[in-house]
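Student: Hey, dropping entry_38.csv in here, CSV, C-alpha atoms and all ligand atoms:
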```csv
chain,number,residue,atom,x,y,z
R,206,MET,CA,0.3,17.1,-3.3
R,207,LYS,CA,3.6,15.1,-3.6
R,208,SER,CA,5.3,17.9,-5.5
R,209,GLN,CA,4.2,20.3,-2.7
R,210,ARG,CA,5.7,18.0,-0.2
R,211,THR,CA,9.0,18.0,-2.1
R,212,ASN,CA,9.1,21.8,-2.2
R,213,ASP,CA,8.4,21.9,1.5
R,214,ASP,CA,11.1,19.3,2.1
R,215,ALA,CA,13.6,21.4,0.0
R,216,GLN,CA,12.7,24.6,1.9
R,217,MET,CA,13.6,22.8,5.1
R,218,LYS,CA,17.1,22.2,3.9
R,219,ASP,CA,17.5,26.0,3.7
R,220,GLY,CA,16.8,26.1,7.4
R,221,LYS,CA,13.7,28.4,7.0
R,222,ARG,CA,11.6,27.0,9.8
R,223,GLU,CA,8.3,28.7,10.4
R,224,TYR,CA,7.6,26.8,13.6
R,225,ALA,CA,10.0,25.8,16.4
R,226,PHE,CA,10.6,22.0,16.1
R,227,THR,CA,12.3,20.2,18.9
R,228,ARG,CA,13.6,16.7,19.3
R,229,ARG,CA,10.7,16.1,21.7
R,230,ASP,CA,8.2,17.2,19.0
R,231,PHE,CA,9.8,14.7,16.6
R,232,ASP,CA,9.8,11.9,19.1
R,233,ARG,CA,6.1,12.6,19.9
R,234,VAL,CA,5.2,12.4,16.2
R,235,ARG,CA,7.3,9.3,15.8
R,236,THR,CA,5.6,7.5,18.7
R,237,LEU,CA,2.1,8.4,17.6
R,238,ILE,CA,2.5,7.2,14.0
R,239,ARG,CA,4.3,4.1,15.2
R,240,GLU,CA,1.6,3.2,17.7
R,241,HIS,CA,-1.2,3.9,15.3
R,242,ALA,CA,0.1,2.8,11.9
R,243,GLY,CA,3.2,0.8,12.7
R,244,ILE,CA,5.3,3.1,10.6
R,245,HIS,CA,8.8,3.5,11.9
R,246,LEU,CA,10.4,6.8,11.2
R,247,ASN,CA,14.2,6.9,11.7
R,248,ASP,CA,16.2,10.0,12.6
R,249,THR,CA,16.8,10.9,8.9
R,250,LYS,CA,13.1,11.7,8.6
R,251,GLN,CA,13.1,14.8,10.8
R,252,ASP,CA,13.0,17.3,8.0
R,253,MET,CA,10.2,15.3,6.3
R,254,VAL,CA,8.2,15.2,9.5
R,255,TYR,CA,8.7,18.9,10.1
R,256,SER,CA,7.5,19.9,6.6
R,257,ARG,CA,4.5,17.6,6.5
R,258,ILE,CA,3.3,18.4,10.0
R,259,ALA,CA,4.0,22.1,9.6
R,260,ARG,CA,1.5,22.1,6.7
R,261,ARG,CA,-1.1,20.6,9.0
R,262,ILE,CA,-0.4,23.2,11.7
R,263,ARG,CA,-0.8,25.9,9.1
R,264,SER,CA,-4.1,24.4,7.8
R,265,THR,CA,-5.5,24.0,11.3
R,266,ARG,CA,-4.4,27.6,12.2
R,267,MET,CA,-2.5,26.4,15.3
R,268,GLU,CA,0.7,27.9,16.4
R,269,THR,CA,3.1,25.3,17.7
R,270,PHE,CA,3.8,21.6,17.3
R,271,GLN,CA,2.9,21.1,20.9
R,272,GLU,CA,-0.5,22.7,20.5
R,273,TYR,CA,-1.2,20.7,17.4
R,274,LEU,CA,-0.1,17.4,18.9
R,275,ASP,CA,-2.0,18.0,22.1
R,276,ALA,CA,-5.2,18.7,20.1
R,277,LEU,CA,-4.6,15.7,17.8
R,278,GLU,CA,-5.6,12.9,20.2
R,279,ASN,CA,-9.2,14.3,20.6
R,280,ASN,CA,-9.8,15.1,16.9
R,281,THR,CA,-10.7,12.1,14.7
R,282,ASP,CA,-10.7,14.1,11.4
R,283,GLU,CA,-7.3,15.6,12.1
R,284,TRP,CA,-6.0,12.2,13.1
R,285,GLU,CA,-6.8,10.9,9.6
R,286,GLN,CA,-5.0,13.9,8.1
R,287,PHE,CA,-2.0,13.4,10.4
R,288,VAL,CA,-1.7,9.7,9.2
R,289,ASN,CA,-2.2,10.7,5.6
R,290,SER,CA,0.5,13.3,5.8
R,291,LEU,CA,3.1,10.9,7.1
R,292,THR,CA,2.6,8.0,4.7
R,293,THR,CA,4.8,7.4,1.7
R,294,ASN,CA,2.7,6.5,-1.3
R,295,LEU,CA,5.3,5.9,-4.0
R,296,THR,CA,3.9,3.4,-6.5
R,297,SER,CA,3.5,2.9,-10.3
R,298,PHE,CA,1.7,0.8,-12.8
R,299,PHE,CA,3.3,-2.6,-13.2
R,300,ARG,CA,5.9,-1.8,-10.6
R,301,GLU,CA,8.2,-4.7,-10.1
R,302,GLY,CA,7.0,-6.0,-13.4
R,303,TYR,CA,8.4,-9.6,-12.9
R,304,HIS,CA,5.5,-10.3,-10.6
R,305,PHE,CA,2.8,-9.9,-13.2
R,306,PRO,CA,3.6,-12.9,-15.5
R,307,ILE,CA,3.7,-15.1,-12.4
R,308,LEU,CA,0.3,-13.7,-11.4
R,309,ALA,CA,-1.0,-14.3,-14.9
R,310,ASP,CA,0.2,-17.9,-14.9
R,311,PHE,CA,-1.4,-18.5,-11.5
R,312,LEU,CA,-4.7,-17.0,-12.6
R,313,ARG,CA,-4.8,-19.2,-15.7
R,314,SER,CA,-4.1,-22.2,-13.5
R,315,LYS,CA,-7.3,-21.4,-11.6
R,316,ARG,CA,-9.6,-21.2,-14.7
R,317,GLY,CA,-13.1,-22.2,-13.7
R,318,GLU,CA,-12.8,-20.9,-10.2
R,319,ARG,CA,-13.8,-17.5,-8.7
R,320,ILE,CA,-10.5,-15.8,-7.6
R,321,ARG,CA,-10.1,-13.4,-4.7
R,322,ILE,CA,-7.2,-11.1,-4.5
R,323,TRP,CA,-6.3,-8.7,-1.6
R,324,CYS,CA,-4.0,-5.8,-2.4
R,325,ALA,CA,-3.1,-4.7,1.1
R,326,ALA,CA,-1.2,-1.4,0.6
R,327,ALA,CA,-2.9,-0.2,-2.6
R,328,SER,CA,-1.8,3.5,-2.3
R,329,THR,CA,-3.2,5.5,-5.2
R,330,GLY,CA,-4.5,2.5,-7.1
R,331,GLU,CA,-1.8,1.8,-9.7
R,332,GLU,CA,-1.0,-1.6,-8.2
R,333,PRO,CA,-4.6,-3.0,-7.9
R,334,TYR,CA,-5.4,-1.7,-11.4
R,335,SER,CA,-2.3,-3.4,-12.7
R,336,ILE,CA,-3.6,-6.7,-11.1
R,337,ALA,CA,-7.0,-6.1,-12.8
R,338,MET,CA,-5.4,-5.5,-16.2
R,339,THR,CA,-3.3,-8.7,-15.8
R,340,ALA,CA,-6.5,-10.7,-15.0
R,341,ILE,CA,-8.4,-9.3,-18.1
R,342,GLN,CA,-5.4,-10.3,-20.3
R,343,ALA,CA,-4.8,-13.7,-18.6
R,344,PHE,CA,-8.5,-14.7,-19.2
R,345,ASP,CA,-8.8,-12.8,-22.5
R,346,ASN,CA,-12.1,-11.6,-21.0
R,347,ALA,CA,-13.2,-8.1,-20.0
R,348,SER,CA,-15.1,-9.6,-17.0
R,349,PRO,CA,-12.7,-12.2,-15.6
R,350,PRO,CA,-13.9,-14.2,-12.5
R,351,VAL,CA,-11.7,-12.1,-10.3
R,352,GLU,CA,-12.5,-9.9,-7.3
R,353,ILE,CA,-9.8,-7.4,-6.1
R,354,ILE,CA,-10.1,-5.9,-2.6
R,355,ALA,CA,-7.7,-2.9,-2.4
R,356,THR,CA,-7.0,-1.4,0.9
R,357,ASP,CA,-4.8,1.3,2.5
R,358,ILE,CA,-4.6,3.3,5.6
R,359,ASP,CA,-4.3,6.6,3.7
R,360,THR,CA,-7.8,8.0,2.8
R,361,HIS,CA,-6.3,10.6,0.5
R,362,ALA,CA,-4.5,8.0,-1.6
R,363,LEU,CA,-7.7,5.9,-1.7
R,364,ALA,CA,-9.7,8.9,-3.0
R,365,VAL,CA,-7.2,9.2,-5.8
R,366,ALA,CA,-7.4,5.5,-6.4
R,367,GLU,CA,-11.1,5.4,-6.6
R,368,LYS,CA,-11.2,8.2,-9.2
R,369,GLY,CA,-8.7,6.3,-11.4
R,370,ILE,CA,-7.5,9.5,-13.0
R,371,TYR,CA,-3.7,10.0,-13.4
R,372,PRO,CA,-1.3,12.4,-15.2
R,373,LEU,CA,-0.5,11.1,-18.7
R,374,GLU,CA,3.2,10.7,-17.8
R,375,ARG,CA,2.3,7.9,-15.3
R,376,ILE,CA,1.6,5.6,-18.3
R,377,LYS,CA,4.5,6.6,-20.5
R,378,ARG,CA,6.5,3.4,-20.0
R,379,LEU,CA,3.5,1.1,-20.5
R,380,THR,CA,3.4,-1.2,-23.6
R,381,PRO,CA,0.7,-0.6,-26.2
R,382,ASP,CA,-1.5,-3.5,-25.0
R,383,LYS,CA,-1.7,-1.9,-21.6
R,384,LEU,CA,-2.5,1.5,-23.0
R,385,THR,CA,-5.8,0.2,-24.2
R,386,PHE,CA,-7.0,0.2,-20.5
R,387,PHE,CA,-6.8,4.0,-20.4
R,388,HIS,CA,-9.0,6.8,-21.9
R,389,LYS,CA,-7.1,10.0,-22.7
R,390,GLY,CA,-8.6,13.1,-21.3
R,391,VAL,CA,-9.6,16.0,-23.7
R,392,GLY,CA,-10.4,19.6,-23.1
R,393,ALA,CA,-10.1,20.4,-19.4
R,394,ASN,CA,-8.8,16.9,-18.9
R,395,ALA,CA,-6.0,17.1,-21.4
R,396,GLY,CA,-2.8,15.6,-20.0
R,397,LYS,CA,-4.7,13.1,-17.9
R,398,VAL,CA,-5.8,9.5,-18.4
R,399,ARG,CA,-8.6,7.6,-16.8
R,400,ILE,CA,-8.7,3.8,-16.2
R,401,THR,CA,-11.5,2.2,-18.2
R,402,LYS,CA,-14.7,1.1,-16.5
R,403,GLU,CA,-14.0,-2.6,-17.2
R,404,VAL,CA,-10.8,-2.4,-15.1
R,405,ARG,CA,-12.3,-0.2,-12.4
R,406,LYS,CA,-15.2,-2.5,-11.8
R,407,LEU,CA,-12.9,-5.4,-10.8
R,408,VAL,CA,-11.5,-3.4,-7.8
R,409,THR,CA,-13.2,-2.4,-4.6
R,410,PHE,CA,-11.3,0.2,-2.4
R,411,ARG,CA,-11.6,0.6,1.3
R,412,LYS,CA,-9.7,1.9,4.2
R,413,LEU,CA,-7.8,-0.7,6.3
R,414,ASN,CA,-5.1,-0.2,8.8
R,415,LEU,CA,-2.9,-3.4,8.8
R,416,LEU,CA,-2.4,-2.9,12.5
R,417,GLU,CA,-6.2,-3.2,13.3
R,418,LYS,CA,-7.2,-6.3,15.3
R,419,ASN,CA,-10.0,-7.2,12.9
R,420,TRP,CA,-9.4,-6.9,9.2
R,421,ASP,CA,-12.5,-6.3,7.1
R,422,VAL,CA,-11.3,-8.9,4.6
R,423,GLN,CA,-12.6,-12.4,4.6
R,424,GLY,CA,-10.6,-15.5,3.6
R,425,PRO,CA,-10.0,-17.6,1.8
R,426,LEU,CA,-7.9,-15.5,-0.6
R,427,ASP,CA,-6.1,-16.8,-3.6
R,428,VAL,CA,-3.5,-14.0,-3.7
R,429,ILE,CA,-2.2,-11.3,-1.4
R,430,PHE,CA,-0.2,-8.4,-2.6
R,431,CYS,CA,1.5,-6.7,0.3
R,432,ARG,CA,4.3,-4.9,-1.4
R,433,ASN,CA,6.6,-2.2,-0.2
R,434,VAL,CA,4.8,-1.6,3.2
R,435,LEU,CA,6.4,-4.3,5.4
R,436,ILE,CA,9.6,-2.3,5.1
R,437,TYR,CA,8.1,0.5,7.2
R,438,PHE,CA,7.3,-1.9,10.1
R,439,ASP,CA,9.7,-3.3,12.6
R,440,ARG,CA,10.3,-7.1,12.8
R,441,PRO,CA,7.6,-8.0,15.5
R,442,ILE,CA,4.9,-6.2,13.4
R,443,GLN,CA,6.1,-7.8,10.2
R,444,ARG,CA,5.9,-11.2,11.9
R,445,GLN,CA,2.4,-10.6,13.3
R,446,LEU,CA,1.2,-9.6,9.8
R,447,VAL,CA,2.7,-12.6,8.1
R,448,GLU,CA,1.1,-14.9,10.8
R,449,ARG,CA,-2.3,-13.3,10.0
R,450,PHE,CA,-1.8,-13.6,6.2
R,451,SER,CA,-1.1,-17.4,6.4
R,452,PRO,CA,-4.6,-18.6,7.5
R,453,LEU,CA,-6.3,-16.1,5.2
R,454,LEU,CA,-4.5,-17.4,2.1
R,455,SER,CA,-5.8,-20.6,0.5
R,456,SER,CA,-3.3,-23.5,0.8
R,457,ASP,CA,-2.2,-23.0,-2.8
R,458,GLY,CA,-2.3,-19.2,-2.7
R,459,LEU,CA,0.5,-16.8,-3.4
R,460,LEU,CA,1.8,-13.9,-1.4
R,461,PHE,CA,3.7,-11.1,-3.2
R,462,ILE,CA,6.0,-8.7,-1.3
R,463,GLY,CA,8.2,-5.9,-2.3
R,464,HIS,CA,11.7,-6.0,-3.8
R,465,SER,CA,13.5,-5.1,-0.7
R,466,GLU,CA,11.4,-7.2,1.7
R,467,THR,CA,12.0,-10.9,2.6
R,468,LEU,CA,10.2,-13.6,4.6
R,469,ALA,CA,13.5,-15.4,5.2
R,470,GLN,CA,12.7,-15.6,8.9
R,471,ASP,CA,9.2,-16.9,8.3
R,472,LYS,CA,10.0,-20.2,6.6
R,473,ASP,CA,7.5,-22.0,8.9
R,474,LEU,CA,4.7,-20.0,7.2
R,475,PHE,CA,5.8,-19.1,3.7
R,476,LYS,CA,8.1,-20.8,1.2
R,477,LEU,CA,9.9,-18.8,-1.5
R,478,ARG,CA,8.4,-19.6,-4.9
R,479,GLY,CA,10.1,-16.9,-7.1
R,480,LYS,CA,11.6,-13.5,-6.7
R,481,THR,CA,9.7,-12.1,-3.6
R,482,VAL,CA,6.8,-14.4,-4.3
R,483,TYR,CA,5.9,-16.9,-1.6
R,484,GLU,CA,3.5,-19.8,-1.3
R,485,ASN,CA,1.8,-20.9,1.8
R,486,SER,CA,3.9,-23.5,3.7
R,487,ARG,CA,0.7,-25.3,4.4
R,488,ARG,CA,0.7,-26.3,0.7
R,489,SER,CA,4.2,-28.0,1.0
R,490,GLN,CA,3.1,-29.6,4.3
R,491,SER,CA,-0.1,-31.0,2.8
R,492,LEU,CA,1.7,-32.2,-0.3
R,493,ALA,CA,4.3,-33.9,1.9
R,494,ARG,CA,1.5,-35.5,3.9
R,495,SER,CA,-0.3,-36.8,0.8
R,496,ARG,CA,3.0,-38.2,-0.6
R,497,HIS,CA,3.6,-39.9,2.7
R,498,ALA,CA,0.1,-41.4,2.8
R,499,ALA,CA,0.4,-42.7,-0.8
G,1,LIG,C1,5.3,2.8,-0.7
G,1,LIG,S1,3.5,2.5,-0.8
G,1,LIG,C2,3.5,1.0,-1.6
G,1,LIG,C3,2.4,0.9,-2.7
G,1,LIG,C4,2.2,-0.3,-3.5
G,1,LIG,N1,2.0,-1.5,-2.6
G,1,LIG,C5,3.5,-0.6,-4.3
G,1,LIG,O1,4.3,-1.4,-4.0
G,1,LIG,O2,3.7,0.2,-5.3
G,1,LIG,C6,3.2,2.1,0.9
G,1,LIG,C7,1.7,2.2,1.2
G,1,LIG,O3,1.5,1.6,2.5
G,1,LIG,C8,0.5,2.3,3.1
G,1,LIG,N2,0.5,2.0,4.6
G,1,LIG,C9,1.4,2.4,5.5
G,1,LIG,N3,1.1,2.0,6.7
G,1,LIG,C10,0.0,1.2,6.6
G,1,LIG,C11,-0.8,0.5,7.5
G,1,LIG,N4,-0.6,0.5,8.8
G,1,LIG,N5,-2.0,-0.1,7.0
G,1,LIG,C12,-2.3,0.0,5.7
G,1,LIG,N6,-1.5,0.6,4.8
G,1,LIG,C13,-0.4,1.3,5.2
G,1,LIG,C14,0.8,3.7,2.8
G,1,LIG,O4,-0.4,4.6,3.0
G,1,LIG,C15,1.2,3.6,1.4
G,1,LIG,O5,0.1,3.9,0.5
```
Kindly transcribe the structure held in the file into structure tokens.

Tutor:
Amino acid sequence: MKSQRTNDDAQMKDGKREYAFTRRDFDRVRTLIREHAGIHLNDTKQDMVYSRIARRIRSTRMETFQEYLDALENNTDEWEQFVNSLTTNLTSFFREGYHFPILADFLRSKRGERIRIWCAAASTGEEPYSIAMTAIQAFDNASPPVEIIATDIDTHALAVAEKGIYPLERIKRLTPDKLTFFHKGVGANAGKVRITKEVRKLVTFRKLNLLEKNWDVQGPLDVIFCRNVLIYFDRPIQRQLVERFSPLLSSDGLLFIGHSETLAQDKDLFKLRGKTVYENSRRSQSLARSRHAA
């Protein structure tokens, strides 16, 4: 799927356009995806938008961008494909690896409690499965007291995640202790690996658009991973999300964000605890209150 996208993107650079694509078409796509998913596409994304939507036009046997975009609004199934085709799902196992020892320490500090984790832009599953593997190792127990809710707007990515089957090269850089969480495929599945059942059973996947008014995720949560998705949103949307995360997260909970994201403007809600790891400011406030009362 992704390699197909890359080929299409490359073809675009040769200027071989199958369909006429005007600035107006680009702006329409841009407005629709922004209103619906919050994703901001800047001018450098024109070729990417062309190649991905051209593929949808081809599949739906339509003839122009205008025809496709006119039809889109009344077609729920195509709407889902439209969103899926414009997301960027780049992820990997133990991406931004410095987060996982912090998570492991946090989980160990909660021994004896049931721990709830939300992975809010789970993409194809590598991130929530990395969280699950970390929990199994932190507790040295194949059934740790951990529940991971993994959500994403992209139903295609979620279907891949749910299967838990990946090309072998996706785990090439993992250390031997992590490789024990994968079965190697044989015969027709040679060259692929599957996540073990013990890891898969800790994770529940479901579709969730972060822009929705009501999130199907109940608090209190101990940990929220929302990595490498805030970057696609503009500042007012980022702020709205962060405002909604705060009351969902327990007062001693942790919020993990991506390497190029920051909550520097949200100090009233989240305090930096480590590299792109934040704690709820409610914790510092209640600690200060208890120190004051003592
Ligand atoms: C670059 S991936 C990041 C994956 C993973 N969190 C990581 O850091 O490796 C961004 C993900 O955000 C998802 N996404 C984009 N807009 C979203 C929205 N409005 N609601 C939920 N997920 C969204 C995309 O579908 C994509 O899977």

Student: What does the list of residues within 7 Å of ligand LIG 1 (chain G) look like if you count only C-alpha atoms and all ligand atoms, written as a ChimeraX atom specification?

Tutor: /R:242-244,289,292-297,300,325-329,332,356-359,362,413-416,431-434,463

Student: Distance cut-off 7 Å, centre (1.7, -16.8, 5.8) in file coordinates, counting only C-alpha atoms: which residues qualify? Return them as a ChimeraX atom specification.

Tutor: /R:447-452,474-475,485

Student: Excluding R:Ile354 and any residue of its chain fewer than 5 positions from it, enumerate the residues within 9 Å of it, using all atoms listed in the file, and give them as JSON, numbers by chain.

Tutor: {"R": [321, 322, 323, 324, 325, 333, 407, 408, 409, 410, 411, 422]}

Student: Just the number, please: distance in Å from atom CA of R:Asn247 to atom CA of R:Arg444, one decimal.

Tutor: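 Result for atom CA of R:Asn247 versus atom CA of R:Arg444: 19.9 Å, one decimal.
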
Student: Record the distance separating atom CA of R:Asp439 and atom CA of R:Arg260, expressed in Å with one decimal.

Tutor: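 Atom-to-atom, atom CA of R:Asp439 to atom CA of R:Arg260, that is 27.3 Å.
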
Student: Give the answer as one residue: which of R:Arg440, R:Arg375, R:Arg233, R:Arg266 has the shortest atom-to-atom distance to R:Val254, using all atoms listed in the file?

Tutor: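 Using all atoms listed in the file, the shortest distance to R:Val254 belongs to R:Arg233.
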
Student: Have a look at R:Ile370, R:Val398, R:Ala276, R:Ile320 and name the one nearest to R:Pro425; count only C-alpha atoms.

Tutor: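 Between R:Ile370, R:Val398, R:Ala276, R:Ile320, the residue approaching R:Pro425 most closely is R:Ile320.
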
Student: At what distance in Å, to one decimal, does atom CA of R:Asp282 lie from atom CA of R:Pro372?

Tutor: 28.3 Å

Student: Find the residues near R:Asp275: any atom within 12 Å, counting only C-alpha atoms, skip ones fewer than 4 places away on the same chain, and give them as an MDAnalysis selection string.

Tutor: chainID R and resid 230 233:234 237 262 267:271 279:280 283:284

Student: Suppose we keep C-alpha atoms; can you now write the selection as a short mmCIF file (atom, residue, chain, number, x, y, z; two decimals), in the coordinates of the input?

Tutor:
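And here is the file that came out, out-v6.cif:
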```cif
data_model
loop_
_atom_site.label_atom_id
_atom_site.label_comp_id
_atom_site.auth_asym_id
_atom_site.auth_seq_id
_atom_site.Cartn_x
_atom_site.Cartn_y
_atom_site.Cartn_z
CA ASP R 230 8.20 17.20 19.00
CA ARG R 233 6.10 12.60 19.90
CA VAL R 234 5.20 12.40 16.20
CA LEU R 237 2.10 8.40 17.60
CA ILE R 262 -0.40 23.20 11.70
CA MET R 267 -2.50 26.40 15.30
CA GLU R 268 0.70 27.90 16.40
CA THR R 269 3.10 25.30 17.70
CA PHE R 270 3.80 21.60 17.30
CA GLN R 271 2.90 21.10 20.90
CA ASN R 279 -9.20 14.30 20.60
CA ASN R 280 -9.80 15.10 16.90
CA GLU R 283 -7.30 15.60 12.10
CA TRP R 284 -6.00 12.20 13.10
#
```

Student: Let me make sure I understand: among R:Glu223, R:Asp252, R:Glu285, R:Asp471, which one has the smallest atom-to-atom distance to R:Thr360 if we use all atoms listed in the file?

Tutor: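 Of R:Glu223, R:Asp252, R:Glu285, R:Asp471, the one nearest R:Thr360, counting all atoms listed in the file, is R:Glu285.
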
Student: Given only C-alpha atoms as the basis, pick out the residue of R:Ile238, R:Ile258, R:Ile462, R:Leu454 nearest to R:Ser486.

Tutor: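 Closest candidate: R:Leu454.
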